[in-house]
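Peer 1: Here it is, the structure, as structure tokens.
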Amino acid sequence: MILSTEQIKEFNKNSLTDHQNEFETLQNKLIKSEKNTQDIVKKIEDFQVAIPSWALGAGGTRFGRFSYGGEPASLEQKIADIGILNALTRSAGAISLHIPWDIPSDYKAIKELAASNDITFDAVNSNTFQDQPSNKESYKFGSLSNISSAVRDQAIQHNIDVINIGNKLGSKSLTVWLADGSIFPGQNNFQLALQNTESSLKNIYTNMPLDWKMFIEYKPYEPNFYSTVIQDWGTSFMLANACGDRAYSLVDLGHHLPNTNIEQIVSTLMLKGKLGGFHFNDSKYGDDDITVGSIKPYALFLIFNELVYGMQNNTQNPDLAWMIDASHNIKDPLEDIMQSLEAILIAYAQALLVDQKKLKDAQMNNDVVLCQEILQEAYRTDVRPLVAQARINSGGTKNPLQAYRKFEIRKTLIKERGTHTLATGL
Ligand code: RM4
Ligand code: MN
Ligand code: MN
């Protein structure tokens with residue numbers, strides 16, 4: 001299903017006057033506080049978030065999975081879904097492939113399909129947390145950290161294969177997330193597991209093309225419940241440093257123990273020029289992978305405040321690879337992703353409103369009350385007209401979710417694909 005520019009323009013027409021009024025009111029308010037609205041809108045327009053190839057079907061838990069009609073059954077259909085998201089939002093201009101769940105069969109055709117949907121290939125993700133039928137060795141007791149060199153070699157080779165696949169598509173980065181760890185005390189020698197992981201990662205690193213980056217993701221627990229080899233940002237940072245200049249840490253919002261100060265982690269990594277990738281989702285208890293901003297929108301804003309500060313001040317840190325890493329158990333995946341995209345752009349826009357200069361002055365005067373006022377002034381501003389304006393400027397819809405329902409996209413997808421398709425992924 002392809003959405004035409006005319007359809008989108010026609011849809012926007014209905015609410016354009018209301019939108020313009022809302023936008024102008026906000027613009028006038030922001031001018032009074034010396035904010036450059038055009039500049040902010042342009043920044044929102046430029047913000048592109050990759051959609052993972054494994055998040056377009058219904059997700060599940062270990063207790064079950066409730067499928068969704070019209071799920072994409074092939075990589076081609078997944079790209080078509082992201083094409084729809086991108087046409088409506090203009091902020092989902094990339095796909096992040098998970099290998100081996102989504103290995104292209106015809107590279108030329110896949111590249112053309114992606115290009116015709118204005119989609120680029122972002123980081124490729126390796127998978128050494130599941131055994132594949134073609135694997136000789138098992139990852140039951142770890143992959144890059146395994147005590148057996150045969151298992152480690154297989155996992156290293158898989159990552160090299162993933163790099164080669166990504167390279168053919170124009171990807172420029174590899175994300176490594178390891179499930180490696182132990183379920184019971186005494187099961188692993190921590191030092192040996194870490195040493196093995198470091199040497200395996202170094203091996204993969206030397207096999208990356210020179211213009212590639214490696215992102216090392218961390219996570220405190222799950223699927224291992226006692227210890228995880230790359231459990232936190234410190235371990236990821238240490239490993240990235242050991243690998244070299246083009247290795248970075250990756251922050252996934254759900255990969256922290258409850259109440260961790262993620263904004264401070266972001267700030268530290270950016271100061272050290274080592275924050276490379278970012279996975280968005282939200283959670284209440286663990287790696288829940290639910291809709292961005294659905295549980296802790298203020299925390300998301302504080303994180304964005306540090307991201308914006310870092311993007312403006314830390315030239316030592318590269319441009320970040322943004323991705324939504326969420327799972328959709330009971331919502332239409334495309335609607336859920338649009339809600340996440342909206343939450344991301346709202347938090348970004350709010351963070352762009354923070355008066356950095358005033359905040360610094362207030363900090364220098366130890367005016368704690370004023371510091372909080374400055375942050376909350378930005379957070380409490382309804383920035384939705386800025387986000388809508390950015391979308392309209394770049395050819396998207398004023399309200400993607402409304403448009404999606406108005407155009408009855410899910411109904412069309414079910415008609416095209418059937419009710420019982422199944423997407424690859426978790
Ligand atoms: C992990 C992690 C990775 C993702 C897998 C599917 O928990 O977040 O980024 O690739 O899930
Ligand atoms: Mn992740
Ligand atoms: Mn995760």
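By convention in this document, the chains of the structure tokens carry letters A, B, ... by their order, each chain's residues are numbered from 1, and ligands are numbered from 1 in the order they are shown.
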Which residues of chain A come within 7 Å of ligand 3, and what is each one's closest atom pair and distance in Å (one decimal), counting only C-alpha atoms and all ligand atoms, sorted by chain and residue number, as a Markdown table?
Peer 2:
| residue | atom | partner | partner_atom_place_in_ligand_line | distance |
| --- | --- | --- | --- | --- |
| A:Asp252 | CA | ligand 3 | 1 (Mn) | 6.7 |
| A:Gly254 | CA | ligand 3 | 1 (Mn) | 6.1 |
| A:His255 | CA | ligand 3 | 1 (Mn) | 6.2 |
| A:Asp287 | CA | ligand 3 | 1 (Mn) | 5.5 |
| A:Asp289 | CA | ligand 3 | 1 (Mn) | 6.6 |
| A:Asp325 | CA | ligand 3 | 1 (Mn) | 6.8 |
Peer 1: Step by step, measure atom-to-atom distances between ligand 2 and each residue using only C-alpha atoms and all ligand atoms, keep those at most 9 Å, then write them as a list in words.
Peer 2: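 Listed by chain and ascending number, the contacts are Thr175, Trp177, Glu217, Tyr218, Lys219, Leu250, Val251, Asp252, Leu253, Gly254, His255, Phe278, His279, Phe280, Asn281, Asp289, Met323, Ile324, Asp325 and Ala326 of chain A.
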Peer 1: List as a PDB file with N, CA and C atoms, in the first residue's frame the protein and nucleic acid residues near Leu113 of chain A, meaning an atom at most 10 Å away when only C-alpha atoms are counted, but skip any in the same chain fewer than 3 places from it.
Peer 2:
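Result saved to around_12.pdb:
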ATOM      1  N   GLU A  76      10.436  -7.570   2.473  1.00  0.00           N
ATOM      2  CA  GLU A  76       9.818  -6.610   1.545  1.00  0.00           C
ATOM      3  C   GLU A  76       8.597  -5.955   2.203  1.00  0.00           C
ATOM      4  N   ILE A  79       9.599  -3.516   4.898  1.00  0.00           N
ATOM      5  CA  ILE A  79      10.026  -2.229   4.346  1.00  0.00           C
ATOM      6  C   ILE A  79       8.799  -1.426   3.895  1.00  0.00           C
ATOM      7  N   ALA A  80       7.820  -2.120   3.342  1.00  0.00           N
ATOM      8  CA  ALA A  80       6.584  -1.431   2.937  1.00  0.00           C
ATOM      9  C   ALA A  80       5.911  -0.804   4.163  1.00  0.00           C
ATOM     10  N   GLY A  83       7.727   2.151   5.094  1.00  0.00           N
ATOM     11  CA  GLY A  83       7.393   3.161   4.077  1.00  0.00           C
ATOM     12  C   GLY A  83       6.121   3.911   4.454  1.00  0.00           C
ATOM     13  N   TYR A 107      19.551  -8.477  -2.976  1.00  0.00           N
ATOM     14  CA  TYR A 107      20.059  -7.213  -2.417  1.00  0.00           C
ATOM     15  C   TYR A 107      19.678  -6.003  -3.250  1.00  0.00           C
ATOM     16  N   LYS A 108      19.802  -6.168  -4.567  1.00  0.00           N
ATOM     17  CA  LYS A 108      19.527  -5.031  -5.460  1.00  0.00           C
ATOM     18  C   LYS A 108      18.062  -4.607  -5.302  1.00  0.00           C
ATOM     19  N   ALA A 109      17.186  -5.597  -5.330  1.00  0.00           N
ATOM     20  CA  ALA A 109      15.747  -5.297  -5.236  1.00  0.00           C
ATOM     21  C   ALA A 109      15.407  -4.672  -3.884  1.00  0.00           C
ATOM     22  N   ILE A 110      16.008  -5.183  -2.816  1.00  0.00           N
ATOM     23  CA  ILE A 110      15.730  -4.644  -1.472  1.00  0.00           C
ATOM     24  C   ILE A 110      16.214  -3.194  -1.370  1.00  0.00           C
ATOM     25  N   SER A 116      12.982   3.638  -2.767  1.00  0.00           N
ATOM     26  CA  SER A 116      11.715   4.194  -3.261  1.00  0.00           C
ATOM     27  C   SER A 116      10.804   4.600  -2.099  1.00  0.00           C
ATOM     28  N   ASN A 117      11.100   4.096  -0.897  1.00  0.00           N
ATOM     29  CA  ASN A 117      10.341   4.510   0.286  1.00  0.00           C
ATOM     30  C   ASN A 117      11.120   5.530   1.130  1.00  0.00           C
ATOM     31  N   ASP A 118      12.203   6.070   0.569  1.00  0.00           N
ATOM     32  CA  ASP A 118      13.065   7.028   1.295  1.00  0.00           C
ATOM     33  C   ASP A 118      13.623   6.438   2.572  1.00  0.00           C
ATOM     34  N   ILE A 119      13.990   5.171   2.513  1.00  0.00           N
ATOM     35  CA  ILE A 119      14.483   4.503   3.719  1.00  0.00           C
ATOM     36  C   ILE A 119      15.941   4.083   3.523  1.00  0.00           C
TER      37      ILE A 119
END
Peer 1: I'd like the contact shell of segment 93-99 of chain A - 8 Å cut-off, only C-alpha atoms, skipping same-chain residues fewer than 3 positions apart - returned as JSON, numbers by chain.
Peer 2: {"A": [48, 49, 50, 51, 52, 53, 54, 79, 82, 86, 90, 102, 103, 118, 119, 120, 121, 122, 123, 124, 125, 126, 127, 162, 323]}
Peer 1: Can you check which residues of segment 98-251 of chain A DSSP gives as strand (DSSP E or B) on the backbone and send them as a PyMOL selection string?
Peer 2: chain A and resi 98+120-121+124-125+173-176+181-182+213-217+227-228+247-251
Peer 1: Using N, CA and C atoms, can you export the residues from the last selection as a PDB file, in the first residue's frame?
Peer 2:
ATOM      1  N   HIS A  98      17.840  -7.105  11.713  1.00  0.00           N
ATOM      2  CA  HIS A  98      18.278  -8.091  12.681  1.00  0.00           C
ATOM      3  C   HIS A  98      18.602  -9.356  11.906  1.00  0.00           C
ATOM      4  N   THR A 120      16.768   4.402   4.509  1.00  0.00           N
ATOM      5  CA  THR A 120      18.164   3.975   4.446  1.00  0.00           C
ATOM      6  C   THR A 120      18.373   2.815   5.434  1.00  0.00           C
ATOM      7  N   PHE A 121      19.516   2.159   5.320  1.00  0.00           N
ATOM      8  CA  PHE A 121      19.795   1.038   6.215  1.00  0.00           C
ATOM      9  C   PHE A 121      20.694   1.508   7.351  1.00  0.00           C
ATOM     10  N   VAL A 124      23.173  -2.661  11.649  1.00  0.00           N
ATOM     11  CA  VAL A 124      22.729  -4.054  11.564  1.00  0.00           C
ATOM     12  C   VAL A 124      22.990  -4.721  12.919  1.00  0.00           C
ATOM     13  N   ASN A 125      22.076  -5.612  13.293  1.00  0.00           N
ATOM     14  CA  ASN A 125      22.160  -6.253  14.615  1.00  0.00           C
ATOM     15  C   ASN A 125      22.471  -7.729  14.477  1.00  0.00           C
ATOM     16  N   SER A 173      27.135   0.600  10.530  1.00  0.00           N
ATOM     17  CA  SER A 173      27.409   0.256  11.929  1.00  0.00           C
ATOM     18  C   SER A 173      26.823  -1.098  12.305  1.00  0.00           C
ATOM     19  N   LEU A 174      27.477  -1.680  13.302  1.00  0.00           N
ATOM     20  CA  LEU A 174      27.057  -2.978  13.826  1.00  0.00           C
ATOM     21  C   LEU A 174      26.685  -2.810  15.291  1.00  0.00           C
ATOM     22  N   THR A 175      25.510  -3.299  15.675  1.00  0.00           N
ATOM     23  CA  THR A 175      25.135  -3.299  17.088  1.00  0.00           C
ATOM     24  C   THR A 175      25.291  -4.704  17.647  1.00  0.00           C
ATOM     25  N   VAL A 176      26.034  -4.799  18.734  1.00  0.00           N
ATOM     26  CA  VAL A 176      26.210  -6.100  19.374  1.00  0.00           C
ATOM     27  C   VAL A 176      25.504  -6.064  20.728  1.00  0.00           C
ATOM     28  N   GLY A 181      25.930 -14.568  30.003  1.00  0.00           N
ATOM     29  CA  GLY A 181      25.979 -14.358  31.448  1.00  0.00           C
ATOM     30  C   GLY A 181      25.750 -15.682  32.142  1.00  0.00           C
ATOM     31  N   SER A 182      25.238 -15.624  33.368  1.00  0.00           N
ATOM     32  CA  SER A 182      24.987 -16.883  34.067  1.00  0.00           C
ATOM     33  C   SER A 182      23.689 -16.802  34.851  1.00  0.00           C
ATOM     34  N   LYS A 213      31.157   1.783  12.483  1.00  0.00           N
ATOM     35  CA  LYS A 213      31.220   1.913  13.935  1.00  0.00           C
ATOM     36  C   LYS A 213      30.639   0.651  14.563  1.00  0.00           C
ATOM     37  N   MET A 214      31.111   0.378  15.774  1.00  0.00           N
ATOM     38  CA  MET A 214      30.523  -0.731  16.531  1.00  0.00           C
ATOM     39  C   MET A 214      29.826  -0.158  17.759  1.00  0.00           C
ATOM     40  N   PHE A 215      28.586  -0.608  17.985  1.00  0.00           N
ATOM     41  CA  PHE A 215      27.847  -0.174  19.172  1.00  0.00           C
ATOM     42  C   PHE A 215      27.729  -1.358  20.134  1.00  0.00           C
ATOM     43  N   ILE A 216      28.164  -1.147  21.346  1.00  0.00           N
ATOM     44  CA  ILE A 216      28.111  -2.224  22.339  1.00  0.00           C
ATOM     45  C   ILE A 216      26.990  -1.920  23.334  1.00  0.00           C
ATOM     46  N   GLU A 217      25.970  -2.768  23.274  1.00  0.00           N
ATOM     47  CA  GLU A 217      24.781  -2.555  24.110  1.00  0.00           C
ATOM     48  C   GLU A 217      24.944  -3.294  25.437  1.00  0.00           C
ATOM     49  N   SER A 227      23.934 -13.101  36.452  1.00  0.00           N
ATOM     50  CA  SER A 227      24.927 -12.132  35.986  1.00  0.00           C
ATOM     51  C   SER A 227      24.867 -12.007  34.462  1.00  0.00           C
ATOM     52  N   THR A 228      25.164 -10.812  33.994  1.00  0.00           N
ATOM     53  CA  THR A 228      25.263 -10.587  32.556  1.00  0.00           C
ATOM     54  C   THR A 228      26.661 -10.040  32.307  1.00  0.00           C
ATOM     55  N   ALA A 247      34.494   2.229  18.305  1.00  0.00           N
ATOM     56  CA  ALA A 247      33.582   1.423  19.117  1.00  0.00           C
ATOM     57  C   ALA A 247      32.951   2.333  20.171  1.00  0.00           C
ATOM     58  N   TYR A 248      31.653   2.187  20.361  1.00  0.00           N
ATOM     59  CA  TYR A 248      30.904   3.083  21.237  1.00  0.00           C
ATOM     60  C   TYR A 248      29.939   2.298  22.107  1.00  0.00           C
ATOM     61  N   SER A 249      29.439   2.960  23.139  1.00  0.00           N
ATOM     62  CA  SER A 249      28.388   2.365  23.958  1.00  0.00           C
ATOM     63  C   SER A 249      27.037   2.663  23.335  1.00  0.00           C
ATOM     64  N   LEU A 250      26.102   1.776  23.598  1.00  0.00           N
ATOM     65  CA  LEU A 250      24.727   2.010  23.153  1.00  0.00           C
ATOM     66  C   LEU A 250      23.821   1.955  24.370  1.00  0.00           C
ATOM     67  N   VAL A 251      23.002   2.997  24.512  1.00  0.00           N
ATOM     68  CA  VAL A 251      22.054   3.055  25.626  1.00  0.00           C
ATOM     69  C   VAL A 251      20.680   2.601  25.140  1.00  0.00           C
TER      70      VAL A 251
END
Peer 1: Using only C-alpha atoms, which residues sit within 9 Å of segment 304-306 of chain A once same-chain residues fewer than 4 positions away are excluded, as a list in words?
Peer 2: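 The residues that qualify are Glu263, Gln264, Val266, Ser267, Met270, Ala299, Leu300, Gly310, Met311, Ile344, Ala347, Tyr348, Ala349, Gln350, Ala351, Leu352, Val354 and Leu375 of chain A.
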Peer 1: Would you please work out which residue, of A:Asn224, A:Ser145, A:Gln132, A:Ser105, is nearest to ligand 1 when using only C-alpha atoms and all ligand atoms?
Peer 2: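 Among the listed residues, the smallest separation from ligand 1 belongs to A:Asn224.
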Peer 1: Excluding Val229 of chain A and residues on its chain fewer than 3 positions from it, collect all residues at most 8 Å away from it, counting only C-alpha atoms, and give them as a ChimeraX atom specification.
Peer 2: /A:145,178,180-181,190,193-194,197
Peer 1: Kindly give the distance, in Å, that separates atom CA of Ser283 of chain A and atom CA of Pro297 of chain A, rounded to a single decimal.
Peer 2: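 Here the two named atoms are 10.8 Å from each other.
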Peer 1: Which of these, A:Ala390, A:Ala92, A:Leu30, A:Ala179, has the shortest distance to ligand 1 once you count only C-alpha atoms and all ligand atoms?
Peer 2: A:Ala179
Peer 1: Go through A:Leu85, A:Met238, A:Phe23, A:Trp212 and flag the residue nearest Gln339 of chain A, using only C-alpha atoms for the distances.
Peer 2: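 When distances to Gln339 of chain A are compared using only C-alpha atoms, the smallest one comes from A:Leu85.
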Peer 1: Work out how far atom CA of His158 of chain A is from atom CA of Lys172 of chain A, in Å to one decimal.
Peer 2: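 These atoms are spaced 16.9 Å apart.
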Peer 1: Need to verify the contact set: Asp131 of chain A, 12 Å, only C-alpha atoms, exclusion of same-chain residues closer than 3 positions in sequence. Can you return it as a list in words?
Peer 2: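 These residues fall inside the cut-off: Pro100, Trp101, Asn127, Thr128, Ser134, Asn135, Lys136, Glu137, Ser138, Tyr139, Lys140, Phe141, Gly142, Ser143, Val151, Gln154, Ala155 and His158 of chain A.
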Peer 1: Rank nothing, just name the residue among A:Asp18, A:Asp211, A:Asp282, A:Asp39 nearest to ligand 1, using only C-alpha atoms and all ligand atoms.
Peer 2: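 Closest candidate: A:Asp282.
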